[in-house]
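Colleague: Just one file: data-v2.csv, with CSV, C-alpha atoms.
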```
chain,number,residue,atom,x,y,z
A,1,MET,CA,-39.4,-34.7,9.9
A,2,ASN,CA,-38.0,-32.4,7.2
A,3,SER,CA,-36.9,-34.0,3.9
A,4,ARG,CA,-33.3,-33.9,2.7
A,5,THR,CA,-32.5,-31.2,0.1
A,6,VAL,CA,-30.6,-32.0,-3.0
A,7,LEU,CA,-29.2,-29.9,-5.9
A,8,TYR,CA,-28.9,-31.2,-9.4
A,9,GLN,CA,-26.6,-29.5,-11.9
A,10,SER,CA,-25.9,-30.1,-15.6
A,11,VAL,CA,-22.6,-29.7,-17.5
A,12,GLY,CA,-22.9,-31.0,-21.0
A,13,GLU,CA,-24.4,-34.5,-21.0
A,14,GLN,CA,-23.8,-35.0,-17.2
A,15,LEU,CA,-26.4,-34.4,-14.6
A,16,THR,CA,-24.8,-34.4,-11.1
A,17,HIS,CA,-26.2,-34.8,-7.7
A,18,PHE,CA,-25.1,-32.6,-4.7
A,19,ASP,CA,-26.4,-33.0,-1.2
A,20,VAL,CA,-27.4,-29.7,0.4
A,21,ASP,CA,-26.8,-28.8,4.0
A,22,VAL,CA,-29.2,-25.9,4.5
A,23,GLU,CA,-27.9,-25.1,8.0
A,24,THR,CA,-24.3,-24.7,6.9
A,25,ALA,CA,-25.1,-23.5,3.3
A,26,THR,CA,-22.8,-26.2,1.9
A,27,LEU,CA,-23.0,-28.5,-1.2
A,28,THR,CA,-21.4,-32.0,-1.3
A,29,ARG,CA,-20.9,-33.5,-4.7
A,30,ARG,CA,-22.1,-37.1,-5.1
A,31,GLY,CA,-22.6,-39.1,-8.3
A,32,SER,CA,-23.7,-38.3,-11.9
A,33,VAL,CA,-25.8,-39.8,-14.6
A,34,THR,CA,-25.0,-39.5,-18.3
A,35,LEU,CA,-27.8,-38.5,-20.7
A,36,PRO,CA,-28.1,-39.2,-24.4
A,37,SER,CA,-27.0,-35.6,-25.3
A,38,LYS,CA,-26.5,-32.2,-23.6
A,39,VAL,CA,-29.0,-31.4,-20.9
A,40,GLN,CA,-31.4,-28.6,-21.8
A,41,TYR,CA,-33.9,-28.5,-18.9
A,42,VAL,CA,-34.9,-30.6,-15.9
A,43,TRP,CA,-38.3,-30.8,-14.2
A,44,ALA,CA,-39.2,-32.8,-11.1
A,45,HIS,CA,-42.3,-35.1,-11.1
A,46,PRO,CA,-44.8,-34.1,-8.3
A,47,SER,CA,-43.8,-37.3,-6.5
A,48,ARG,CA,-40.2,-36.2,-6.5
A,49,LYS,CA,-39.3,-39.8,-7.3
A,50,TYR,CA,-38.5,-39.0,-10.9
A,51,LEU,CA,-37.0,-36.2,-13.0
A,52,THR,CA,-37.8,-35.5,-16.6
A,53,VAL,CA,-34.8,-34.3,-18.6
A,54,SER,CA,-34.8,-32.9,-22.1
A,55,THR,CA,-31.5,-33.2,-24.1
A,56,SER,CA,-30.1,-32.1,-27.4
A,57,ASP,CA,-26.8,-32.1,-29.3
A,58,ALA,CA,-27.6,-28.9,-31.2
A,59,PRO,CA,-25.9,-25.6,-30.3
A,60,SER,CA,-28.0,-22.9,-28.6
A,61,GLY,CA,-29.4,-19.9,-30.4
A,62,ASN,CA,-30.3,-19.4,-34.0
A,63,THR,CA,-27.8,-21.7,-35.6
A,64,PRO,CA,-28.0,-23.7,-38.9
A,65,ASP,CA,-26.7,-26.8,-37.0
A,66,LYS,CA,-29.9,-28.5,-35.9
A,67,GLY,CA,-28.2,-31.5,-34.3
A,68,LYS,CA,-29.4,-35.1,-34.4
A,69,VAL,CA,-29.9,-36.4,-30.9
A,70,HIS,CA,-33.0,-34.8,-29.2
A,71,CYS,CA,-34.6,-36.7,-26.3
A,72,LEU,CA,-37.0,-36.5,-23.5
A,73,CYS,CA,-35.8,-38.8,-20.7
A,74,ALA,CA,-37.0,-40.0,-17.3
A,75,VAL,CA,-34.5,-40.3,-14.5
A,76,ARG,CA,-35.2,-42.1,-11.3
A,77,VAL,CA,-34.4,-40.4,-8.0
A,78,ASP,CA,-33.4,-42.9,-5.3
A,79,THR,CA,-34.1,-42.3,-1.6
A,80,ASP,CA,-30.6,-40.8,-1.1
A,81,GLY,CA,-30.9,-38.5,-4.2
A,82,ALA,CA,-28.8,-40.7,-6.5
A,83,LEU,CA,-29.9,-40.7,-10.1
A,84,ALA,CA,-30.3,-43.4,-12.8
A,85,LEU,CA,-31.9,-43.5,-16.2
A,86,HIS,CA,-35.5,-44.8,-16.0
A,87,GLY,CA,-37.0,-46.4,-19.1
A,88,GLU,CA,-36.3,-45.6,-22.7
A,89,PRO,CA,-35.7,-42.0,-23.8
A,90,GLN,CA,-38.3,-40.7,-26.3
A,91,PRO,CA,-37.1,-38.9,-29.4
A,92,LEU,CA,-38.0,-35.3,-30.0
A,93,PRO,CA,-38.2,-33.5,-33.3
A,94,SER,CA,-35.5,-30.8,-32.7
A,95,ARG,CA,-33.7,-29.0,-29.8
A,96,PRO,CA,-36.1,-28.6,-26.8
A,97,ILE,CA,-35.3,-25.3,-25.1
A,98,HIS,CA,-37.6,-26.0,-22.1
A,99,HIS,CA,-40.1,-28.5,-20.9
A,100,CYS,CA,-42.4,-29.0,-17.9
A,101,LEU,CA,-44.8,-31.5,-16.4
A,102,ASP,CA,-48.4,-30.5,-15.9
A,103,ARG,CA,-49.7,-30.1,-12.3
A,104,THR,CA,-50.9,-33.7,-12.2
A,105,GLY,CA,-47.6,-35.2,-13.5
A,106,ASN,CA,-49.5,-37.1,-16.2
A,107,TYR,CA,-48.2,-35.1,-19.2
A,108,ALA,CA,-44.9,-33.6,-20.3
A,109,LEU,CA,-45.0,-30.5,-22.5
A,110,SER,CA,-41.9,-29.5,-24.5
A,111,ALA,CA,-41.1,-26.2,-26.1
A,112,PHE,CA,-38.8,-26.0,-29.2
A,113,CYS,CA,-37.2,-22.8,-30.3
A,114,ASN,CA,-35.9,-23.2,-33.9
A,115,PRO,CA,-38.5,-23.5,-35.3
A,116,SER,CA,-41.0,-22.7,-32.6
A,117,HIS,CA,-43.1,-25.8,-31.8
A,118,VAL,CA,-44.7,-27.7,-28.9
A,119,THR,CA,-45.3,-31.4,-28.1
A,120,VAL,CA,-47.1,-33.3,-25.4
A,121,HIS,CA,-46.1,-36.7,-24.1
A,122,ARG,CA,-47.9,-38.9,-21.6
A,123,ILE,CA,-46.1,-39.8,-18.4
A,124,ASN,CA,-46.7,-43.4,-17.5
A,125,ALA,CA,-47.8,-44.5,-14.0
A,126,ASP,CA,-44.2,-45.8,-13.3
A,127,GLY,CA,-42.7,-42.4,-14.2
A,128,THR,CA,-41.3,-43.4,-17.6
A,129,ILE,CA,-41.9,-41.3,-20.7
A,130,GLY,CA,-45.0,-42.5,-22.7
A,131,ALA,CA,-46.2,-41.9,-26.2
A,132,GLN,CA,-46.6,-38.5,-27.8
A,133,VAL,CA,-50.2,-37.2,-27.7
A,134,ALA,CA,-51.4,-36.4,-31.2
A,135,GLN,CA,-53.0,-32.9,-31.2
A,136,ASN,CA,-56.4,-32.4,-32.7
A,137,THR,CA,-56.0,-28.6,-33.1
A,138,LYS,CA,-53.0,-26.6,-34.4
A,139,VAL,CA,-51.8,-23.8,-32.1
A,140,ASP,CA,-49.8,-20.7,-33.0
A,141,THR,CA,-46.4,-21.1,-31.3
A,142,GLY,CA,-44.9,-17.8,-32.4
A,143,ILE,CA,-41.2,-17.2,-33.0
A,144,TYR,CA,-38.4,-18.7,-30.9
A,145,ALA,CA,-40.3,-20.2,-28.0
A,146,HIS,CA,-38.5,-20.1,-24.7
A,147,GLN,CA,-40.7,-21.7,-22.1
A,148,VAL,CA,-43.8,-23.9,-21.6
A,149,VAL,CA,-45.6,-24.1,-18.3
A,150,THR,CA,-49.1,-24.8,-17.0
A,151,ALA,CA,-50.7,-22.1,-14.9
A,152,PRO,CA,-51.7,-23.1,-11.3
A,153,SER,CA,-55.2,-24.0,-12.5
A,154,ASN,CA,-53.7,-26.6,-14.9
A,155,ARG,CA,-56.4,-25.4,-17.4
A,156,ILE,CA,-54.1,-23.1,-19.4
A,157,VAL,CA,-50.6,-23.3,-20.7
A,158,ILE,CA,-48.3,-20.3,-20.8
A,159,PHE,CA,-45.9,-20.3,-23.8
A,160,PRO,CA,-43.6,-17.3,-24.0
A,161,ALA,CA,-42.3,-17.0,-27.6
A,162,ARG,CA,-39.4,-14.6,-27.3
A,163,GLY,CA,-38.9,-13.5,-30.9
A,164,ASN,CA,-35.5,-12.3,-31.9
A,165,ASP,CA,-33.6,-9.0,-31.7
A,166,GLY,CA,-32.8,-7.4,-35.1
A,167,ARG,CA,-29.3,-7.6,-36.3
A,168,PRO,CA,-27.4,-6.5,-39.5
A,169,GLY,CA,-29.1,-8.0,-42.5
A,170,LYS,CA,-32.0,-9.5,-40.5
A,171,PRO,CA,-35.0,-7.5,-39.1
A,172,GLU,CA,-36.4,-8.0,-35.6
A,173,ASP,CA,-38.8,-10.9,-35.0
A,174,PRO,CA,-41.8,-10.1,-32.8
A,175,GLY,CA,-42.4,-11.7,-29.4
A,176,ALA,CA,-45.6,-12.8,-27.7
A,177,ILE,CA,-46.9,-14.8,-24.8
A,178,LYS,CA,-49.2,-17.5,-26.3
A,179,VAL,CA,-51.9,-18.9,-24.0
A,180,PHE,CA,-53.4,-22.3,-24.8
A,181,GLY,CA,-56.3,-24.2,-23.2
A,182,PHE,CA,-55.2,-27.6,-21.8
A,183,LYS,CA,-57.3,-30.6,-21.1
A,184,ASP,CA,-56.5,-34.4,-21.3
A,185,GLY,CA,-53.2,-33.6,-23.0
A,186,GLN,CA,-54.9,-31.5,-25.8
A,187,LEU,CA,-53.9,-27.9,-26.5
A,188,THR,CA,-56.3,-25.3,-27.9
A,189,PRO,CA,-55.6,-21.7,-28.9
A,190,LEU,CA,-56.8,-19.0,-26.5
A,191,GLN,CA,-54.7,-15.8,-26.6
A,192,SER,CA,-51.7,-14.1,-27.9
A,193,VAL,CA,-50.5,-11.5,-25.4
A,194,ASP,CA,-48.5,-8.4,-26.6
A,195,ALA,CA,-47.9,-6.5,-23.5
A,196,VAL,CA,-46.3,-3.4,-25.1
A,197,GLY,CA,-48.8,-2.9,-27.9
A,198,LYS,CA,-46.3,-2.7,-30.8
A,199,GLY,CA,-47.2,-5.9,-32.6
A,200,GLY,CA,-44.6,-7.8,-30.5
A,201,MET,CA,-41.7,-5.4,-31.4
A,202,ALA,CA,-39.4,-4.5,-28.5
A,203,TYR,CA,-41.0,-7.3,-26.5
A,204,ARG,CA,-38.9,-10.4,-25.6
A,205,PRO,CA,-40.8,-12.4,-23.0
A,206,ARG,CA,-38.6,-15.2,-21.8
A,207,HIS,CA,-39.9,-17.0,-18.7
A,208,VAL,CA,-42.7,-16.6,-16.2
A,209,ASP,CA,-43.4,-17.6,-12.7
A,210,PHE,CA,-46.6,-17.5,-10.6
A,211,HIS,CA,-47.4,-16.3,-7.2
A,212,PRO,CA,-48.2,-19.3,-5.0
A,213,THR,CA,-51.6,-18.2,-3.8
A,214,GLN,CA,-52.7,-15.1,-5.9
A,215,PRO,CA,-53.7,-14.9,-9.6
A,216,TRP,CA,-50.5,-13.1,-10.5
A,217,MET,CA,-48.1,-13.9,-13.2
A,218,TYR,CA,-44.6,-12.3,-13.5
A,219,VAL,CA,-42.7,-12.2,-16.7
A,220,ASN,CA,-39.0,-11.7,-17.4
A,221,VAL,CA,-38.8,-9.6,-20.5
A,222,GLU,CA,-35.3,-10.5,-21.7
A,223,SER,CA,-33.8,-7.8,-23.9
A,224,GLN,CA,-35.7,-5.0,-22.3
A,225,ASN,CA,-34.5,-6.1,-18.8
A,226,GLU,CA,-37.9,-5.7,-17.4
A,227,LEU,CA,-40.3,-7.5,-15.0
A,228,HIS,CA,-44.0,-7.4,-15.9
A,229,MET,CA,-46.8,-8.4,-13.6
A,230,HIS,CA,-50.1,-9.6,-15.2
A,231,ARG,CA,-53.3,-10.7,-13.5
A,232,ILE,CA,-54.8,-14.0,-14.5
A,233,ASP,CA,-58.6,-13.8,-14.7
A,234,GLY,CA,-60.0,-17.3,-14.9
A,235,ASP,CA,-58.5,-18.8,-18.1
A,236,SER,CA,-57.3,-15.5,-19.5
A,237,VAL,CA,-54.2,-13.3,-19.0
A,238,ILE,CA,-55.0,-9.6,-18.7
A,239,GLU,CA,-52.9,-8.3,-21.5
A,240,LYS,CA,-51.8,-5.0,-20.1
A,241,PRO,CA,-49.3,-5.5,-17.2
A,242,LEU,CA,-50.3,-3.9,-13.9
A,243,PHE,CA,-46.7,-3.2,-13.1
A,244,VAL,CA,-43.5,-2.8,-15.1
A,245,LYS,CA,-40.2,-2.6,-13.3
A,246,THR,CA,-36.6,-2.6,-14.5
A,247,THR,CA,-34.6,-5.6,-13.2
A,248,LEU,CA,-31.3,-3.7,-13.3
A,249,ALA,CA,-29.6,-1.6,-10.6
A,250,ALA,CA,-28.1,0.8,-13.1
A,251,ARG,CA,-29.0,2.2,-16.4
A,252,HIS,CA,-28.2,-0.2,-19.3
A,253,ASP,CA,-25.2,0.9,-21.4
A,254,PRO,CA,-26.2,-0.2,-24.9
A,255,GLN,CA,-22.6,-1.0,-25.9
A,256,PHE,CA,-22.9,-4.1,-23.7
A,257,HIS,CA,-25.1,-7.1,-24.4
A,258,GLN,CA,-27.5,-7.1,-21.4
A,259,THR,CA,-30.4,-9.4,-20.7
A,260,ASN,CA,-32.2,-11.2,-17.8
A,261,SER,CA,-32.8,-14.9,-17.5
A,262,ALA,CA,-34.1,-17.0,-14.6
A,263,ILE,CA,-37.2,-15.9,-12.5
A,264,HIS,CA,-38.3,-17.8,-9.4
A,265,PHE,CA,-40.6,-17.1,-6.5
A,266,HIS,CA,-39.7,-17.6,-2.8
A,267,PRO,CA,-41.9,-20.4,-1.4
A,268,SER,CA,-43.7,-17.8,0.8
A,269,GLY,CA,-44.7,-15.7,-2.2
A,270,ARG,CA,-43.3,-12.6,-0.5
A,271,PHE,CA,-40.1,-12.3,-2.7
A,272,LEU,CA,-39.1,-12.9,-6.3
A,273,TYR,CA,-35.6,-13.4,-7.7
A,274,VAL,CA,-34.5,-12.5,-11.2
A,275,ALA,CA,-31.1,-13.1,-12.7
A,276,ASN,CA,-29.4,-10.4,-14.8
A,277,ARG,CA,-26.6,-11.4,-17.2
A,278,ALA,CA,-23.9,-9.8,-19.2
A,279,ASP,CA,-21.2,-11.5,-21.3
A,280,SER,CA,-19.8,-9.0,-23.8
A,281,THR,CA,-16.1,-9.5,-24.6
A,282,ALA,CA,-13.3,-7.8,-26.5
A,283,ASP,CA,-9.8,-8.8,-27.5
A,284,PHE,CA,-7.2,-8.0,-24.9
A,285,ASN,CA,-3.7,-9.6,-24.5
A,286,GLY,CA,-4.7,-12.5,-26.8
A,287,ARG,CA,-7.9,-13.3,-24.9
A,288,LYS,CA,-11.6,-12.5,-25.2
A,289,VAL,CA,-12.1,-10.5,-22.1
A,290,PHE,CA,-15.3,-9.3,-20.4
A,291,THR,CA,-16.0,-5.7,-21.2
A,292,GLY,CA,-18.9,-4.8,-18.9
A,293,GLY,CA,-22.6,-5.0,-18.0
A,294,GLU,CA,-24.5,-6.1,-15.0
A,295,ASN,CA,-24.3,-9.6,-13.6
A,296,SER,CA,-26.6,-9.6,-10.6
A,297,ILE,CA,-29.5,-11.3,-8.8
A,298,ALA,CA,-32.3,-8.8,-8.3
A,299,VAL,CA,-34.5,-9.3,-5.2
A,300,PHE,CA,-38.0,-8.0,-5.4
A,301,ALA,CA,-40.4,-7.7,-2.5
A,302,ILE,CA,-44.0,-8.4,-3.5
A,303,ASP,CA,-46.9,-6.4,-2.1
A,304,GLN,CA,-49.3,-9.1,-1.0
A,305,THR,CA,-52.3,-6.9,-1.6
A,306,THR,CA,-51.6,-5.4,-5.0
A,307,GLY,CA,-48.9,-7.7,-6.4
A,308,GLU,CA,-46.5,-4.8,-7.0
A,309,PRO,CA,-42.8,-5.8,-7.1
A,310,THR,CA,-40.3,-3.5,-5.5
A,311,ARG,CA,-36.6,-4.1,-6.0
A,312,ILE,CA,-34.9,-4.2,-2.6
A,313,GLN,CA,-31.5,-5.6,-3.5
A,314,SER,CA,-29.1,-6.4,-6.3
A,315,VAL,CA,-26.4,-8.9,-5.5
A,316,ASP,CA,-23.3,-9.8,-7.5
A,317,PRO,CA,-23.1,-13.6,-8.0
A,318,LEU,CA,-19.3,-13.3,-8.5
A,319,THR,CA,-19.7,-15.0,-11.9
A,320,HIS,CA,-20.8,-14.0,-15.4
A,321,HIS,CA,-24.0,-15.0,-17.3
A,322,VAL,CA,-26.1,-16.7,-14.7
A,323,ARG,CA,-28.7,-18.7,-16.7
A,324,THR,CA,-30.5,-20.6,-13.9
A,325,LEU,CA,-30.9,-20.4,-10.1
A,326,GLY,CA,-32.6,-22.6,-7.5
A,327,ILE,CA,-34.2,-22.0,-4.1
A,328,ASP,CA,-34.4,-24.7,-1.5
A,329,PRO,CA,-37.9,-25.8,-0.4
A,330,SER,CA,-37.5,-24.1,3.0
A,331,GLY,CA,-36.7,-20.8,1.4
A,332,ARG,CA,-33.4,-20.3,3.2
A,333,LEU,CA,-30.9,-20.9,0.4
A,334,LEU,CA,-30.5,-19.7,-3.2
A,335,VAL,CA,-27.9,-21.1,-5.6
A,336,THR,CA,-27.0,-19.6,-8.9
A,337,ALA,CA,-25.4,-21.3,-11.9
A,338,ASN,CA,-23.5,-19.4,-14.6
A,339,ILE,CA,-22.9,-21.1,-17.9
A,340,ARG,CA,-19.2,-20.6,-18.7
A,341,ASP,CA,-15.7,-19.5,-17.7
A,342,MET,CA,-14.9,-15.8,-18.4
A,343,TRP,CA,-11.6,-13.9,-18.7
A,344,VAL,CA,-11.7,-10.6,-16.8
A,345,ARG,CA,-9.2,-7.7,-16.5
A,346,GLU,CA,-7.3,-7.0,-13.3
A,347,SER,CA,-6.5,-3.5,-12.0
A,348,ASN,CA,-2.8,-3.9,-13.1
A,349,ASP,CA,-3.9,-4.6,-16.7
A,350,GLY,CA,-3.4,-8.3,-16.2
A,351,ILE,CA,-6.2,-10.8,-16.8
A,352,ARG,CA,-7.5,-13.7,-14.8
A,353,ALA,CA,-9.9,-16.6,-15.4
A,354,ALA,CA,-13.3,-16.4,-13.6
A,355,PRO,CA,-14.4,-20.0,-13.7
A,356,THR,CA,-17.8,-21.5,-14.1
A,357,ALA,CA,-19.3,-21.8,-10.6
A,358,LEU,CA,-22.2,-22.5,-8.3
A,359,THR,CA,-22.7,-19.5,-5.9
A,360,VAL,CA,-24.6,-20.1,-2.6
A,361,PHE,CA,-26.5,-17.4,-0.8
A,362,ARG,CA,-28.4,-17.4,2.4
A,363,ILE,CA,-31.9,-15.9,2.2
A,364,GLY,CA,-32.9,-13.7,5.2
A,365,ASP,CA,-36.3,-13.2,6.7
A,366,ASP,CA,-36.5,-10.0,4.7
A,367,GLY,CA,-35.8,-11.9,1.5
A,368,LYS,CA,-32.4,-10.3,1.0
A,369,LEU,CA,-29.4,-12.5,0.0
A,370,THR,CA,-26.1,-12.9,1.9
A,371,PHE,CA,-23.1,-14.5,0.2
A,372,ALA,CA,-22.2,-17.8,1.8
A,373,ARG,CA,-19.7,-19.5,-0.6
A,374,LYS,CA,-18.8,-20.2,-4.2
A,375,TYR,CA,-17.9,-23.5,-5.7
A,376,ASP,CA,-15.7,-23.3,-8.8
A,377,MET,CA,-16.5,-26.0,-11.4
A,378,GLU,CA,-14.3,-27.8,-13.9
A,379,SER,CA,-16.5,-27.6,-16.9
A,380,GLY,CA,-14.0,-28.9,-19.5
A,381,GLY,CA,-15.2,-26.3,-22.0
A,382,LYS,CA,-18.9,-27.4,-21.7
A,383,LEU,CA,-21.8,-25.3,-20.5
A,384,GLN,CA,-23.2,-25.4,-17.1
A,385,TRP,CA,-26.7,-25.1,-18.6
A,386,TRP,CA,-29.1,-25.9,-15.7
A,387,ALA,CA,-29.2,-26.2,-11.9
A,388,GLY,CA,-32.0,-26.5,-9.4
A,389,MET,CA,-32.9,-27.7,-5.9
A,390,MET,CA,-35.6,-30.0,-4.5
A,391,GLY,CA,-36.6,-31.8,-1.3
A,392,LEU,CA,-36.5,-35.6,-1.3
A,393,PRO,CA,-39.6,-37.4,-0.1
A,394,ALA,CA,-39.4,-37.8,3.7
```
Is it possible to give me this structure as structure tokens?

Modeller:
Amino acid sequence: MNSRTVLYQSVGEQLTHFDVDVETATLTRRGSVTLPSKVQYVWAHPSRKYLTVSTSDAPSGNTPDKGKVHCLCAVRVDTDGALALHGEPQPLPSRPIHHCLDRTGNYALSAFCNPSHVTVHRINADGTIGAQVAQNTKVDTGIYAHQVVTAPSNRIVIFPARGNDGRPGKPEDPGAIKVFGFKDGQLTPLQSVDAVGKGGMAYRPRHVDFHPTQPWMYVNVESQNELHMHRIDGDSVIEKPLFVKTTLAARHDPQFHQTNSAIHFHPSGRFLYVANRADSTADFNGRKVFTGGENSIAVFAIDQTTGEPTRIQSVDPLTHHVRTLGIDPSGRLLVTANIRDMWVRESNDGIRAAPTALTVFRIGDDGKLTFARKYDMESGGKLQWWAGMMGLPA
């Protein structure tokens, strides 16, 4: 018997449950749970009976406003997918930009961006958040961490530290992928990967994902709009990428802010999906109106012998600035979530509002996406920061 599929989506402090009908490619909204502050990231426990949710009231980016309410929370998932807070949220030192559970579900690792930092918490047997694990060794967490995730072996942790682009009055901060050893909740320094060999300059690693059966790691390089493929050799990442591909369908026009964001493998390992996002605006008729750039989902076919990614499709999600996407466990649906409303120009020099939305695509046997439907969301000025799918236990 196949398990039911659910989608969870965050807008501000609310985490909302949707039932997913994979056959009809439809989403049905159910209930919500309110977290202590704005949802930053969500990770499912291996049992799928609990979610861990990191939250913060700090704004995103390099802001002097550090916020006050930063938490790591456990949320119980009932048999019908409904959500409820589970145990006491644990305080975190600053805004967590990402977190994960290790492959056993016994530890939660949180990444903090400003300043860059990492913590480890125990996960109790009942799924609640346990005590923080004091670290015996200091690790180098780089500049502006953006993700923390254990490799499939669970012996190493991959920690992309994105760095920052230069801007007037402030020079560029270098990026790197930090690699830590991991055992019994303890982190130890192993590597600092600079894939372009320029001391981390012009290198903005954001997120990684792993092939489900091969020792291959794929990296979204944010500002460079590239996909890098690295081989993992034991507990080391081979520093030089075997393949470097653009994630864009067209050449980037530098007048527009253009980056990539989410990266996720198809369950089969045959396809990889990358979100490209653009959100530059200019004043027009009293509004900040979208000026251009590529908003797309890039579909890559993965050579199962060499690991080479080949872009086979770029699809418009019919929204702007997709930050997260989810794939259902059967590999038949993909749903994108963009973060905000956007004003866009019409052909008659008018403007219209393009709302925050969840966009649903069917995934074909060839990995390509076909638009199914779009659900416009009332966000109330808050950000749709995260969305993802999972199967409930049968």

Colleague: With range 142-163 of chain A as the partner and 10 Å as the cut-off, tabulate the residues of range 28-97 of chain A that qualify, each row holding the nearest pair of atoms and their distance in Å to one decimal, using only C-alpha atoms, sorted by chain and rising number, as JSON lines.

Modeller:
```
{"residue": "A:Gly61", "atom": "CA", "partner": "A:Tyr144", "partner_atom": "CA", "distance": 9.1}
{"residue": "A:Asn62", "atom": "CA", "partner": "A:Tyr144", "partner_atom": "CA", "distance": 8.7}
{"residue": "A:Pro96", "atom": "CA", "partner": "A:His146", "partner_atom": "CA", "distance": 9.1}
{"residue": "A:Ile97", "atom": "CA", "partner": "A:His146", "partner_atom": "CA", "distance": 6.1}
```

Colleague: Quote the spacing between CA of Val299 in chain A and CA of Lys368 in chain A in Å to one decimal place.

Modeller: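 Distance between the two atoms: 6.6 Å.
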
Colleague: With 8 Å as the threshold, what does the neighbourhood of (-49.8, -16.8, -29.5) contain in terms of residues, counting all atoms listed in the file? Coordinates are those of the file; answer as a list in words.

Modeller: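 Every residue inside that radius is included here: Val139, Asp140, Thr141, Gly142, Phe159, Ala161, Ala176, Ile177, Lys178, Val179, Pro189, Leu190, Gln191, Ser192 and Val193 of chain A.
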
Colleague: Can you find the residues with an atom no farther than 9 Å from (-45.8, -31.2, -29.5), counting only C-alpha atoms, and report them as a ChimeraX atom specification?

Modeller: /A:92-93,109-112,117-121,132-135

Colleague: Suppose you want the space between CA of Gly12 in chain A and CA of Gly175 in chain A; what is it in Å?

Modeller: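 Taking CA of Gly12 in chain A and CA of Gly175 in chain A, their separation equals 28.7 Å.
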
Colleague: Name the closest residue to Leu325 in chain A among the candidates A:Asn285, A:Ser347, A:Ser56, A:Thr359; distances are taken between atoms, counting all atoms listed in the file.

Modeller: A:Thr359

Colleague: Do a neighbour search on Phe265 in chain A at 12 Å with all atoms listed in the file, toss out local chain neighbours closer than 6 positions, and write the hits as a PyMOL selection string.

Modeller: chain A and resi 208-213+216-219+271-274+298-302+309+325-329+331+334+367

Colleague: Quick one: distance from CA of Tyr41 in chain A to CA of Thr55 in chain A in Å, one decimal?

Modeller: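 Computed distance, CA of Tyr41 in chain A to CA of Thr55 in chain A, equals 7.4 Å.
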
Colleague: Hey, could you make a per-residue contact list for range 167-249 of chain A against range 286-294 of chain A with 12 Å as the cut-off, showing the nearest pair of atoms and its distance in Å to one decimal, counting all atoms listed in the file, sorted by chain and number, as CSV?

Modeller:
```
residue,atom,partner,partner_atom,distance
A:Asn225,CA,A:Glu294,CA,10.7
A:Thr247,CA,A:Glu294,CA,10.3
A:Leu248,CA,A:Glu294,CA,7.4
A:Ala249,CA,A:Glu294,CA,8.1
```

Colleague: Need the shell around Thr246 in chain A: protein/DNA/RNA residues with any atom at most 10 Å away, counting all atoms listed in the file. Skip same-chain ones fewer than 2 positions apart. Format as an NGL selection string?

Modeller: :A and (220-221 or 224-228 or 244 or 248-252 or 298 or 310-311)

Colleague: Choose the residue, out of A:Glu172, A:Asp194, A:Asp253, A:Asp57, that has the smallest atom-to-atom separation from Val69 in chain A; count only C-alpha atoms.

Modeller: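 Looking only at the distances to Val69 in chain A, the closest residue turns out to be A:Asp57.
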
Colleague: Pick out the closest residue to Asn295 in chain A from this set: A:Asp376, A:Asp341, A:Asp173, A:Asp316. Count all atoms listed in the file.

Modeller: A:Asp316

Colleague: Could you name the residues that touch Pro317 in chain A at 12 Å or less, counting all atoms listed in the file, but leaving out those on the same chain fewer than 3 positions away, as a VMD selection string?

Modeller: chain A and resid 274 to 278 294 to 298 314 320 to 325 334 to 338 354 356 to 361 369 to 375

Colleague: Got time to write the residues from that selection, C-alpha atoms, as a compact mmCIF listing (two decimals), in the coordinates of the input?

Modeller:
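Generated output (part.txt):
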```
# COMPACT_ATOMS: atom_id res chain seq x y z
CA VAL A 274 -34.50 -12.50 -11.20
CA ALA A 275 -31.10 -13.10 -12.70
CA ASN A 276 -29.40 -10.40 -14.80
CA ARG A 277 -26.60 -11.40 -17.20
CA ALA A 278 -23.90 -9.80 -19.20
CA GLU A 294 -24.50 -6.10 -15.00
CA ASN A 295 -24.30 -9.60 -13.60
CA SER A 296 -26.60 -9.60 -10.60
CA ILE A 297 -29.50 -11.30 -8.80
CA ALA A 298 -32.30 -8.80 -8.30
CA SER A 314 -29.10 -6.40 -6.30
CA HIS A 320 -20.80 -14.00 -15.40
CA HIS A 321 -24.00 -15.00 -17.30
CA VAL A 322 -26.10 -16.70 -14.70
CA ARG A 323 -28.70 -18.70 -16.70
CA THR A 324 -30.50 -20.60 -13.90
CA LEU A 325 -30.90 -20.40 -10.10
CA LEU A 334 -30.50 -19.70 -3.20
CA VAL A 335 -27.90 -21.10 -5.60
CA THR A 336 -27.00 -19.60 -8.90
CA ALA A 337 -25.40 -21.30 -11.90
CA ASN A 338 -23.50 -19.40 -14.60
CA ALA A 354 -13.30 -16.40 -13.60
CA THR A 356 -17.80 -21.50 -14.10
CA ALA A 357 -19.30 -21.80 -10.60
CA LEU A 358 -22.20 -22.50 -8.30
CA THR A 359 -22.70 -19.50 -5.90
CA VAL A 360 -24.60 -20.10 -2.60
CA PHE A 361 -26.50 -17.40 -0.80
CA LEU A 369 -29.40 -12.50 0.00
CA THR A 370 -26.10 -12.90 1.90
CA PHE A 371 -23.10 -14.50 0.20
CA ALA A 372 -22.20 -17.80 1.80
CA ARG A 373 -19.70 -19.50 -0.60
CA LYS A 374 -18.80 -20.20 -4.20
CA TYR A 375 -17.90 -23.50 -5.70
```

Colleague: Could you tell me which of A:Pro91, A:Pro241, A:Gly67, A:Gly364 comes closest to His266 in chain A if we count all atoms listed in the file?

Modeller: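 Looking at the shortest contact to His266 in chain A, the residue is A:Gly364.
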